[in-house]
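Q: my_file-v6.txt is reproduced below (compact mmCIF, C-alpha atoms).
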```
# COMPACT_ATOMS: atom_id res chain seq x y z
CA MET A 1 -96.94 8.91 24.42
CA VAL A 2 -98.48 10.36 27.59
CA ILE A 3 -96.52 11.36 30.68
CA GLU A 4 -98.57 12.27 33.72
CA ILE A 5 -96.95 14.24 36.56
CA ASP A 6 -98.75 13.77 39.86
CA PRO A 7 -96.81 14.74 43.01
CA ALA A 8 -99.21 12.74 45.15
CA SER A 9 -98.76 9.46 43.32
CA GLU A 10 -96.17 6.74 43.78
CA GLU A 11 -93.27 6.54 41.33
CA GLU A 12 -94.17 4.07 38.65
CA ILE A 13 -93.91 3.59 34.94
CA ARG A 14 -96.94 2.02 33.32
CA VAL A 15 -97.24 0.96 29.70
CA ARG A 16 -100.71 0.23 28.50
CA ALA A 17 -101.29 -2.00 25.44
CA ARG A 18 -103.91 -4.34 24.02
CA GLU A 19 -101.51 -7.29 24.01
CA MET A 20 -97.89 -8.15 24.62
CA THR A 21 -96.02 -7.71 21.34
CA PRO A 22 -92.28 -7.87 20.64
CA ALA A 23 -92.23 -4.08 20.47
CA ILE A 24 -93.91 -3.73 23.88
CA ARG A 25 -91.52 -6.28 25.31
CA ARG A 26 -88.56 -4.29 23.99
CA ILE A 27 -89.93 -1.11 25.55
CA GLY A 28 -90.23 -2.87 28.89
CA ASP A 29 -86.72 -4.31 28.61
CA SER A 30 -85.23 -0.97 27.64
CA LEU A 31 -86.89 0.80 30.56
CA GLY A 32 -85.79 -1.93 32.93
CA THR A 33 -82.23 -1.69 31.65
CA MET A 34 -82.17 2.10 31.96
CA LEU A 35 -83.34 1.92 35.59
CA SER A 36 -80.88 -0.89 36.44
CA GLU A 37 -77.92 0.94 34.99
CA ASP A 38 -78.03 3.45 37.85
CA VAL A 39 -77.72 0.66 40.40
CA GLU A 40 -74.32 0.45 42.06
CA ILE A 41 -73.04 -2.86 43.35
CA ALA A 42 -71.00 -2.74 46.56
CA VAL A 43 -67.91 -4.94 46.43
CA SER A 44 -64.89 -5.33 48.63
CA GLU A 45 -61.22 -5.21 47.74
CA GLY A 46 -59.32 -6.02 50.89
CA GLU A 47 -60.15 -3.31 53.40
CA LYS A 48 -61.62 -1.07 50.76
CA GLU A 49 -65.23 -0.98 49.64
CA ARG A 50 -65.91 -0.05 46.05
CA PHE A 51 -69.08 0.61 44.13
CA LEU A 52 -69.27 -0.78 40.65
CA LEU A 53 -71.63 0.23 37.89
CA PRO A 54 -73.19 -2.63 35.92
CA ARG A 55 -71.42 -1.52 32.74
CA GLU A 56 -68.05 -2.13 34.46
CA ILE A 57 -68.88 -5.75 35.21
CA LEU A 58 -67.99 -8.55 32.83
CA TYR A 59 -69.30 -11.44 34.87
CA ALA A 60 -69.98 -12.70 38.36
CA GLU A 61 -69.35 -16.22 39.59
CA THR A 62 -69.57 -18.21 42.78
CA ALA A 63 -66.59 -20.13 44.09
CA ASP A 64 -65.86 -21.54 47.54
CA GLY A 65 -69.17 -20.21 48.80
CA ARG A 66 -68.55 -16.61 47.79
CA VAL A 67 -69.57 -14.42 44.87
CA TRP A 68 -66.78 -12.84 42.84
CA ILE A 69 -67.36 -10.00 40.41
CA HIS A 70 -64.93 -9.54 37.55
CA THR A 71 -64.18 -6.36 35.66
CA ALA A 72 -61.81 -6.18 32.71
CA LYS A 73 -58.61 -6.42 34.76
CA ARG A 74 -59.65 -7.06 38.36
CA PHE A 75 -62.02 -8.96 40.55
CA PHE A 76 -63.80 -8.26 43.80
CA ALA A 77 -65.72 -10.11 46.47
CA CYS A 78 -69.42 -9.36 46.77
CA SER A 79 -71.68 -10.11 49.70
CA LEU A 80 -74.80 -10.55 47.56
CA ARG A 81 -75.92 -13.96 46.37
CA LEU A 82 -75.80 -14.66 42.67
CA TYR A 83 -79.58 -14.72 42.31
CA GLU A 84 -79.79 -11.35 44.09
CA LEU A 85 -77.29 -9.89 41.63
CA GLU A 86 -79.26 -11.35 38.78
CA GLU A 87 -82.36 -9.47 39.96
CA LEU A 88 -80.52 -6.17 40.41
CA LEU A 89 -78.49 -6.10 37.23
CA PRO A 90 -79.79 -5.03 33.79
CA ARG A 91 -81.21 -7.49 31.31
CA THR A 92 -77.90 -7.72 29.46
CA PHE A 93 -76.79 -9.93 32.35
CA VAL A 94 -77.85 -13.52 31.95
CA ARG A 95 -77.24 -16.82 33.69
CA ALA A 96 -74.50 -18.77 31.90
CA SER A 97 -74.17 -21.70 34.28
CA LYS A 98 -75.26 -22.66 37.78
CA SER A 99 -72.50 -20.49 39.20
CA LEU A 100 -72.05 -17.79 36.58
CA ILE A 101 -73.84 -14.74 35.19
CA VAL A 102 -72.33 -12.79 32.32
CA ASN A 103 -72.79 -9.32 30.90
CA THR A 104 -73.58 -10.07 27.27
CA ALA A 105 -72.99 -6.41 26.37
CA HIS A 106 -69.24 -7.00 26.73
CA ILE A 107 -69.00 -10.34 24.98
CA CYS A 108 -67.10 -9.89 21.73
CA SER A 109 -66.94 -13.52 20.67
CA LEU A 110 -68.75 -16.75 21.37
CA MET A 111 -67.50 -20.14 20.29
CA ARG A 112 -68.84 -23.63 20.76
CA THR A 113 -66.15 -26.01 21.99
CA PRO A 114 -66.00 -29.69 20.94
CA THR A 115 -67.39 -30.62 24.37
CA GLY A 116 -70.49 -28.51 23.77
CA LEU A 117 -69.54 -25.71 26.12
CA GLY A 118 -69.57 -22.10 24.97
CA GLU A 119 -66.40 -20.12 25.28
CA ALA A 120 -67.04 -16.37 25.58
CA GLU A 121 -64.41 -13.69 25.28
CA PHE A 122 -64.80 -10.08 26.38
CA ARG A 123 -63.83 -6.75 24.88
CA HIS A 124 -60.79 -5.03 26.44
CA SER A 125 -59.98 -8.08 28.57
CA ASP A 126 -58.08 -11.35 28.37
CA LYS A 127 -60.64 -13.06 30.55
CA LYS A 128 -62.77 -15.90 29.22
CA VAL A 129 -65.74 -17.70 30.65
CA TYR A 130 -67.34 -21.00 29.77
CA ILE A 131 -71.05 -21.23 29.27
CA SER A 132 -72.69 -24.52 30.07
CA ARG A 133 -74.57 -26.45 27.40
CA LEU A 134 -77.89 -25.77 29.09
CA TYR A 135 -77.47 -21.99 29.01
CA TYR A 136 -75.69 -21.61 25.69
CA LYS A 137 -78.79 -20.99 23.62
CA PRO A 138 -80.36 -18.40 25.97
CA VAL A 139 -77.05 -16.50 26.07
CA ARG A 140 -76.68 -16.61 22.31
CA ASP A 141 -80.31 -15.58 21.79
CA LEU A 142 -79.90 -12.59 24.11
CA ILE A 143 -76.75 -11.49 22.30
CA GLU A 144 -78.54 -11.71 18.96
CA GLU A 145 -81.52 -9.79 20.34
CA THR A 146 -79.20 -7.12 21.75
CA ARG A 147 -77.32 -6.78 18.47
CA LEU A 148 -80.52 -6.51 16.40
CA LYS A 149 -81.89 -3.90 18.77
CA ARG A 150 -78.95 -1.73 18.00
CA MET B 1 -43.44 -26.17 26.08
CA LYS B 2 -41.72 -23.07 27.31
CA GLU B 3 -39.15 -22.96 30.09
CA ARG B 4 -37.47 -19.97 31.61
CA LYS B 5 -34.33 -19.81 33.65
CA SER B 6 -34.69 -18.12 36.98
CA GLY B 7 -32.15 -15.64 38.30
CA LEU B 8 -30.62 -15.53 41.74
CA HIS B 9 -32.69 -13.71 44.30
CA LEU B 10 -32.35 -12.82 47.94
CA THR B 11 -35.25 -14.22 49.90
CA LYS B 12 -36.31 -13.35 53.41
CA SER B 13 -35.18 -16.83 54.43
CA ALA B 14 -31.65 -16.18 53.14
CA VAL B 15 -31.48 -12.86 55.00
CA PHE B 16 -32.80 -14.47 58.18
CA TRP B 17 -30.33 -17.34 58.20
CA GLY B 18 -27.48 -15.12 57.16
CA LEU B 19 -28.07 -12.88 60.17
CA ILE B 20 -28.40 -15.88 62.46
CA LEU B 21 -25.03 -17.24 61.42
CA ILE B 22 -23.36 -13.87 61.83
CA LEU B 23 -24.87 -13.31 65.29
CA ALA B 24 -24.02 -16.88 66.28
CA ALA B 25 -20.41 -16.24 65.33
CA ALA B 26 -20.45 -13.01 67.37
CA ALA B 27 -21.89 -14.89 70.36
CA LEU B 28 -19.23 -17.58 70.13
CA ILE B 29 -16.49 -14.97 70.06
CA LEU B 30 -17.90 -13.07 73.05
CA ASP B 31 -18.43 -16.31 74.91
CA GLY B 32 -14.91 -17.42 74.11
CA ALA B 33 -13.64 -14.10 75.46
CA GLY B 34 -15.40 -14.87 78.74
CA ILE B 35 -17.83 -11.95 78.54
CA SER B 36 -20.97 -12.62 80.58
CA PHE B 37 -24.12 -10.63 81.42
CA GLY B 38 -24.65 -11.48 85.06
CA MET B 39 -26.57 -14.32 86.69
CA GLY B 40 -24.45 -16.71 84.67
CA PHE B 41 -25.92 -15.61 81.35
CA THR B 42 -23.29 -15.60 78.66
CA ALA B 43 -23.40 -13.87 75.30
CA LEU B 44 -24.44 -17.20 73.83
CA HIS B 45 -27.48 -17.32 76.09
CA VAL B 46 -28.50 -13.75 75.30
CA VAL B 47 -27.94 -13.80 71.55
CA GLY B 48 -29.13 -17.36 71.13
CA GLY B 49 -32.21 -16.69 73.24
CA ILE B 50 -33.13 -13.62 71.23
CA LEU B 51 -32.69 -15.37 67.91
CA LEU B 52 -34.64 -18.42 68.99
CA LEU B 53 -37.46 -16.30 70.37
CA ALA B 54 -37.50 -14.37 67.07
CA TRP B 55 -37.71 -17.64 65.17
CA LEU B 56 -40.50 -18.86 67.44
CA GLY B 57 -42.39 -15.60 67.16
CA THR B 58 -42.11 -15.58 63.37
CA GLU B 59 -43.58 -19.06 63.07
CA LEU B 60 -46.40 -18.22 65.48
CA PHE B 61 -47.14 -15.02 63.58
CA ARG B 62 -47.35 -16.94 60.32
CA GLY B 63 -49.66 -19.44 61.95
CA LYS B 64 -47.29 -22.33 61.27
CA ILE B 65 -47.75 -24.15 64.56
CA TRP B 66 -45.86 -27.19 63.28
CA ASN B 67 -42.65 -25.12 63.08
CA ILE B 68 -42.46 -24.03 66.73
CA PHE B 69 -41.06 -27.23 68.20
CA PHE B 70 -37.48 -26.89 67.03
CA PRO B 71 -37.00 -23.34 68.37
CA LEU B 72 -38.60 -24.51 71.64
CA ALA B 73 -36.23 -27.48 71.74
CA PHE B 74 -33.19 -25.28 71.20
CA LEU B 75 -34.41 -22.81 73.83
CA PHE B 76 -34.78 -25.68 76.28
CA MET B 77 -31.30 -26.96 75.50
CA LEU B 78 -29.83 -23.46 75.85
CA PHE B 79 -31.38 -22.76 79.26
CA GLU B 80 -31.51 -26.31 80.53
CA GLY B 81 -28.89 -25.61 83.16
CA PHE B 82 -30.90 -22.70 84.60
CA LEU B 83 -34.07 -24.77 84.61
CA ALA B 84 -32.25 -27.57 86.45
CA GLY B 85 -31.11 -25.04 89.04
CA LEU B 86 -34.67 -23.72 89.45
CA LEU B 87 -35.92 -27.27 89.94
CA GLY B 88 -33.20 -27.97 92.47
CA ARG B 89 -31.49 -30.61 90.39
CA GLU B 90 -27.76 -31.09 90.70
CA ASP B 91 -27.36 -32.52 87.24
CA PRO B 92 -27.76 -29.62 84.73
CA ASN B 93 -28.69 -32.10 82.02
CA LEU B 94 -32.40 -32.71 82.58
CA ILE B 95 -33.10 -34.54 79.33
CA SER B 96 -30.70 -35.89 76.73
CA ASN B 97 -30.35 -33.46 73.82
CA TRP B 98 -30.99 -36.27 71.35
CA ILE B 99 -34.31 -37.04 73.00
CA VAL B 100 -35.25 -33.36 72.90
CA LEU B 101 -34.43 -33.09 69.20
CA LEU B 102 -36.16 -36.35 68.36
CA ALA B 103 -39.28 -35.22 70.25
CA ALA B 104 -39.20 -31.91 68.35
CA LEU B 105 -38.94 -33.79 65.06
CA LEU B 106 -41.86 -36.07 65.87
CA LEU B 107 -43.98 -33.17 67.09
CA THR B 108 -43.20 -31.20 63.92
CA ILE B 109 -44.14 -34.09 61.65
CA GLY B 110 -47.24 -34.96 63.64
CA SER B 111 -48.60 -31.43 63.84
CA ARG B 112 -47.78 -30.81 60.20
CA LEU B 113 -49.92 -33.79 59.25
CA LEU B 114 -52.73 -32.59 61.46
CA PHE B 115 -52.78 -28.86 60.81
CA ARG B 116 -51.15 -28.06 57.54
CA ARG B 117 -53.63 -27.23 54.83
CA GLU B 118 -53.08 -28.01 51.21
CA LYS B 119 -55.31 -26.48 48.64
CA LYS B 120 -56.25 -29.24 46.27
CA GLY B 121 -58.28 -28.70 43.19
CA ILE B 122 -59.67 -31.57 41.29
CA ALA B 123 -61.71 -30.30 38.44
CA MET B 124 -63.80 -32.09 35.90
CA GLY B 125 -65.68 -29.12 34.56
CA ASP B 126 -64.88 -25.44 34.72
CA ARG B 127 -64.11 -23.82 37.96
CA ALA B 128 -62.35 -20.92 39.58
CA LEU B 129 -60.04 -21.15 42.57
CA TYR B 130 -59.62 -18.06 44.71
CA LEU B 131 -56.51 -18.46 46.84
CA ASP B 132 -55.53 -16.18 49.68
CA GLY B 133 -52.08 -14.63 49.31
CA GLY B 134 -51.24 -15.69 52.86
CA GLU B 135 -51.86 -19.36 52.08
CA LEU B 136 -49.72 -20.03 49.05
CA GLU B 137 -47.06 -22.06 50.81
CA ASP B 138 -48.06 -25.26 49.04
CA VAL B 139 -50.96 -25.19 46.59
CA ARG B 140 -51.66 -28.26 44.52
CA ILE B 141 -53.92 -28.52 41.51
CA SER B 142 -54.18 -32.09 40.42
CA GLU B 143 -56.18 -34.42 38.21
CA ASN B 144 -57.69 -31.57 36.20
CA LEU B 145 -59.75 -32.56 33.21
CA GLY B 146 -61.55 -29.27 32.75
CA LYS B 147 -60.66 -25.61 32.87
CA VAL B 148 -59.44 -23.98 36.03
CA ASN B 149 -58.86 -20.29 36.59
CA VAL B 150 -56.75 -19.47 39.62
CA TYR B 151 -56.97 -16.01 41.20
CA ILE B 152 -55.08 -14.55 44.14
CA ILE B 153 -56.97 -12.57 46.76
CA ASN B 154 -55.18 -10.41 49.33
CA PRO B 155 -51.91 -10.56 47.34
CA GLU B 156 -50.28 -8.15 49.82
CA ARG B 157 -50.29 -11.02 52.37
CA TYR B 158 -47.99 -13.10 50.22
CA GLU B 159 -44.47 -13.25 51.67
CA GLY B 160 -42.70 -14.71 48.67
CA GLU B 161 -41.91 -18.34 49.37
CA GLY B 162 -44.93 -20.00 47.84
CA ARG B 163 -45.39 -22.84 45.41
CA ILE B 164 -48.19 -23.76 43.07
CA THR B 165 -47.93 -27.34 41.84
CA VAL B 166 -49.96 -28.44 38.86
CA GLN B 167 -49.85 -32.16 38.27
CA GLU B 168 -51.73 -34.72 36.22
CA ASN B 169 -53.32 -31.95 34.19
CA LEU B 170 -55.22 -32.92 31.08
CA GLY B 171 -57.20 -29.74 30.80
CA GLN B 172 -56.42 -26.07 31.01
CA VAL B 173 -55.13 -24.15 34.01
CA VAL B 174 -54.87 -20.37 33.85
CA ILE B 175 -53.12 -18.75 36.80
CA HIS B 176 -53.75 -15.04 37.25
CA LEU B 177 -50.97 -13.36 39.21
CA PRO B 178 -50.13 -9.76 40.14
CA GLU B 179 -47.86 -8.26 37.50
CA ASP B 180 -45.05 -7.53 40.00
CA TRP B 181 -44.64 -11.19 41.00
CA PHE B 182 -41.87 -13.28 39.46
CA VAL B 183 -42.58 -16.84 38.41
CA LYS B 184 -39.87 -19.47 38.76
CA SER B 185 -40.83 -22.49 36.68
CA GLU B 186 -39.99 -26.09 37.49
CA VAL B 187 -41.29 -28.28 34.69
CA ARG B 188 -40.86 -32.01 34.25
CA GLU B 189 -42.63 -34.98 32.69
CA THR B 190 -44.62 -32.65 30.47
CA ILE B 191 -45.75 -32.93 26.89
CA GLY B 192 -48.34 -30.21 27.17
CA ALA B 193 -47.91 -26.46 26.95
CA VAL B 194 -46.63 -24.30 29.78
CA ASN B 195 -46.81 -20.63 28.88
CA VAL B 196 -45.27 -18.08 31.19
CA PRO B 197 -44.70 -14.55 29.85
CA THR B 198 -41.06 -13.54 29.77
CA GLN B 199 -40.05 -11.61 32.85
CA THR B 200 -37.02 -9.92 34.35
CA TRP B 201 -36.78 -10.22 38.11
CA ASN B 202 -36.98 -6.78 39.67
CA GLY B 203 -36.73 -7.73 43.31
CA GLY B 204 -40.41 -8.54 43.68
CA LYS B 205 -42.02 -11.56 45.26
CA VAL B 206 -41.17 -14.92 43.77
CA ILE B 207 -43.54 -17.82 43.38
CA VAL B 208 -42.58 -21.26 42.16
CA LEU B 209 -44.74 -22.90 39.49
CA SER B 210 -44.07 -26.61 39.58
CA VAL B 211 -45.51 -28.62 36.71
CA ARG B 212 -45.53 -32.40 36.59
CA GLU B 213 -47.23 -34.91 34.34
CA ASN B 214 -48.92 -32.25 32.26
CA ILE B 215 -50.65 -33.16 29.03
CA GLY B 216 -52.87 -30.12 28.84
CA GLU B 217 -52.19 -26.40 28.93
CA ILE B 218 -50.95 -24.25 31.75
CA ARG B 219 -50.81 -20.51 31.32
CA VAL B 220 -49.79 -17.65 33.58
CA VAL B 221 -51.48 -14.29 33.08
CA PHE B 222 -50.15 -11.22 34.83
CA GLU B 223 -52.90 -8.88 35.93
CA LYS B 224 -52.17 -5.20 35.59
CA SER B 225 -52.80 -3.18 38.70
CA ALA B 226 -53.93 -0.06 36.85
CA ASP B 227 -57.52 1.06 37.02
CA ASP B 228 -59.59 -0.70 34.42
CA ARG B 229 -62.40 1.54 33.34
CA ILE B 230 -64.37 -0.08 30.60
CA GLU B 231 -65.00 2.25 27.73
CA SER B 232 -68.72 2.31 27.18
```
As structure tokens, how would this structure be written, given the file I've shared?
A:
Amino acid sequence: MVIEIDPASEEEIRVRAREMTPAIRRIGDSLGTMLSEDVEIAVSEGEKERFLLPREILYAETADGRVWIHTAKRFFACSLRLYELEELLPRTFVRASKSLIVNTAHICSLMRTPTGLGEAEFRHSDKKVYISRLYYKPVRDLIEETRLKR
Amino acid sequence: MKERKSGLHLTKSAVFWGLILILAAAALILDGAGISFGMGFTALHVVGGILLLAWLGTELFRGKIWNIFFPLAFLFMLFEGFLAGLLGREDPNLISNWIVLLAALLLTIGSRLLFRREKKGIAMGDRALYLDGGELEDVRISENLGKVNVYIINPERYEGEGRITVQENLGQVVIHLPEDWFVKSEVRETIGAVNVPTQTWNGGKVIVLSVRENIGEIRVVFEKSADDRIES
């Protein structure tokens, strides 16, 4: 591994390889996740503004034209659009329906309902979300990939 | 199906009307004793005027425009004689009291139909409803076939006389409420499950959960207000 320090250059991380392999992809994902984890998301709680770390967030959903971010016990309004959140948050966050993104790192169980929806439960919380049929497989695949990585 | 009995509680409405009756009695006594406040104003005019203005102001403050017509009608009836004098009329009775009250009734009903908002949720899939604490007077969730999560935003704006009605529910409704609220359940025509955690009323805000024609599941979850750091 080579790390070059050049005060005159722009900040960037570059990985050079002959071809994209699963290992290279994992390196890229891990670096992306590490950089995203320092991002703080501004949310509002009444008159107060709070700043949440991605690891505090269970999921974010849109309802009545607004984006709501849920932690284990509370929820907050967010001025960002869902797609903007999706770009900012680490790769453990994935789209679970048209109006929902979930943090797969906090999902402790996933169950397929008779209607084909996925019911996801979170650690340290009573909250549940429902994953649409279209997004069930990508969510499940990401959880499996995350578990195997560990 | 689970039902809980509700205890007696003192609402703001009970306090308000209790004070009104007491002050009205005081005004009648002073008026009967012939005590006046100059310019022909009796105790009844003063006390009644203050109470009616307080009633009017309260309804305006709450944004319930449809409720202002009765206090206005009573104010008119109370000071009708003075108004007649200002207009130079000999007869102090400008308009029949029955007409005034009937007009107030019609205006109340008409404006209620025009301006009152009901939150209605009809869900086929899964959805979340975020309801403002200041608008919980009459919330209806009906014809639900999917899963609905109900959350309360700005709970400090809730004044304690709200009602959430869930009817014709075939799916699942989960209502997330602040832990210091007390739920009074009214359940009928239900073969589904209604789960409300056992509570003891501690003087906090009361909300009525009315359930009708429920075949699905309705559950109340009380959200703790403590900080919720996730252990990483």
Q: Grab the CA of Val67 in chain A to CA of Arg95 in chain A distance for me, in Å with one decimal place.
A: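 A separation of 13.8 Å between them.
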Q: Using Å and a single decimal, report how far CA of Ser109 in chain A sits from CA of Val129 in chain A.
A: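 It comes out at 10.9 Å.
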Q: Select, from B:Glu90, B:Glu168, B:Glu213, B:Asp132, the residue with the minimum atom-to-atom distance to chain A, counting only C-alpha atoms.
A: B:Asp132
Q: For chain B, work out the contacting residues on chain A at 9 Å, counting all atoms listed in the file, and write them as a short mmCIF file (atom, residue, chain, number, x, y, z; two decimals) with C-alpha atoms, in the frame of the given file.
A:
```cif
data_model
loop_
_atom_site.label_atom_id
_atom_site.label_comp_id
_atom_site.auth_asym_id
_atom_site.auth_seq_id
_atom_site.Cartn_x
_atom_site.Cartn_y
_atom_site.Cartn_z
CA GLU A 45 -61.22 -5.21 47.74
CA GLY A 46 -59.32 -6.02 50.89
CA ARG A 55 -71.42 -1.52 32.74
CA GLU A 56 -68.05 -2.13 34.46
CA ILE A 57 -68.88 -5.75 35.21
CA GLU A 61 -69.35 -16.22 39.59
CA THR A 62 -69.57 -18.21 42.78
CA ALA A 63 -66.59 -20.13 44.09
CA ASP A 64 -65.86 -21.54 47.54
CA THR A 71 -64.18 -6.36 35.66
CA ALA A 72 -61.81 -6.18 32.71
CA LYS A 73 -58.61 -6.42 34.76
CA ARG A 74 -59.65 -7.06 38.36
CA PHE A 75 -62.02 -8.96 40.55
CA PHE A 76 -63.80 -8.26 43.80
CA ARG A 123 -63.83 -6.75 24.88
CA HIS A 124 -60.79 -5.03 26.44
CA ASP A 126 -58.08 -11.35 28.37
CA VAL A 129 -65.74 -17.70 30.65
CA TYR A 130 -67.34 -21.00 29.77
#
```
Q: One number please: CA of Gly216 in chain B to CA of Ile131 in chain A, in Å, one decimal.
A: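 Distance between the two atoms: 20.2 Å.
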Q: List every protein, DNA or RNA residue with an atom no more than 6 Å from (-48.2, -20.6, 30.2) in the file's coordinates, counting all atoms listed in the file, and format the result as a ChimeraX atom specification.
A: /B:194-196,218-220
Q: Let me know the centre plus edge lengths, in Å and rounded to one decimal, of a box with edges along x, y and z that contains all listed atoms of range 122-128 of chain A and is padded by 3 Å on every side, as AutoDock Vina command-line options.
A:
```
--center_x -61.4 --center_y -10.5 --center_z 27.7 --size_x 12.7 --size_y 16.9 --size_z 11.7
```
Q: Which residue gives the smallest distance to Arg157 in chain B among B:Asn67, B:Gly134, B:Pro92, B:Pro178, with all atoms listed in the file counted?
A: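 With all atoms listed in the file as the atom set, the closest residue is B:Gly134.
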Q: Around (-43.0, -21.5, 40.7), as given in the file, which residues come within 8 Å? Count only C-alpha atoms and list them as a list in words.
A: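 It turns out the residues near that spot are Gly162, Arg163, Ile164, Thr165, Val183, Lys184, Ser185, Glu186, Val206, Ile207, Val208, Leu209 and Ser210 of chain B.
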Q: Pick out the residues sitting within 12 Å of Leu19 in chain B, and hand them over as a list in words; count all atoms listed in the file, and ignore anything fewer than 4 positions along from it in its own chain.
A: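 The residues satisfying every condition are Lys12, Ser13, Ala14, Val15, Leu23, Ala24, Ala25, Ala26, Val47, Gly48, Leu51, Ala54 and Trp55 of chain B.
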Q: Of the residues B:Ser96, B:Thr42, B:Thr58, B:Gln172, which is the one nearest to Ala73 in chain B, using only C-alpha atoms?
A: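 Between B:Ser96, B:Thr42, B:Thr58, B:Gln172, the residue approaching Ala73 in chain B most closely is B:Ser96.
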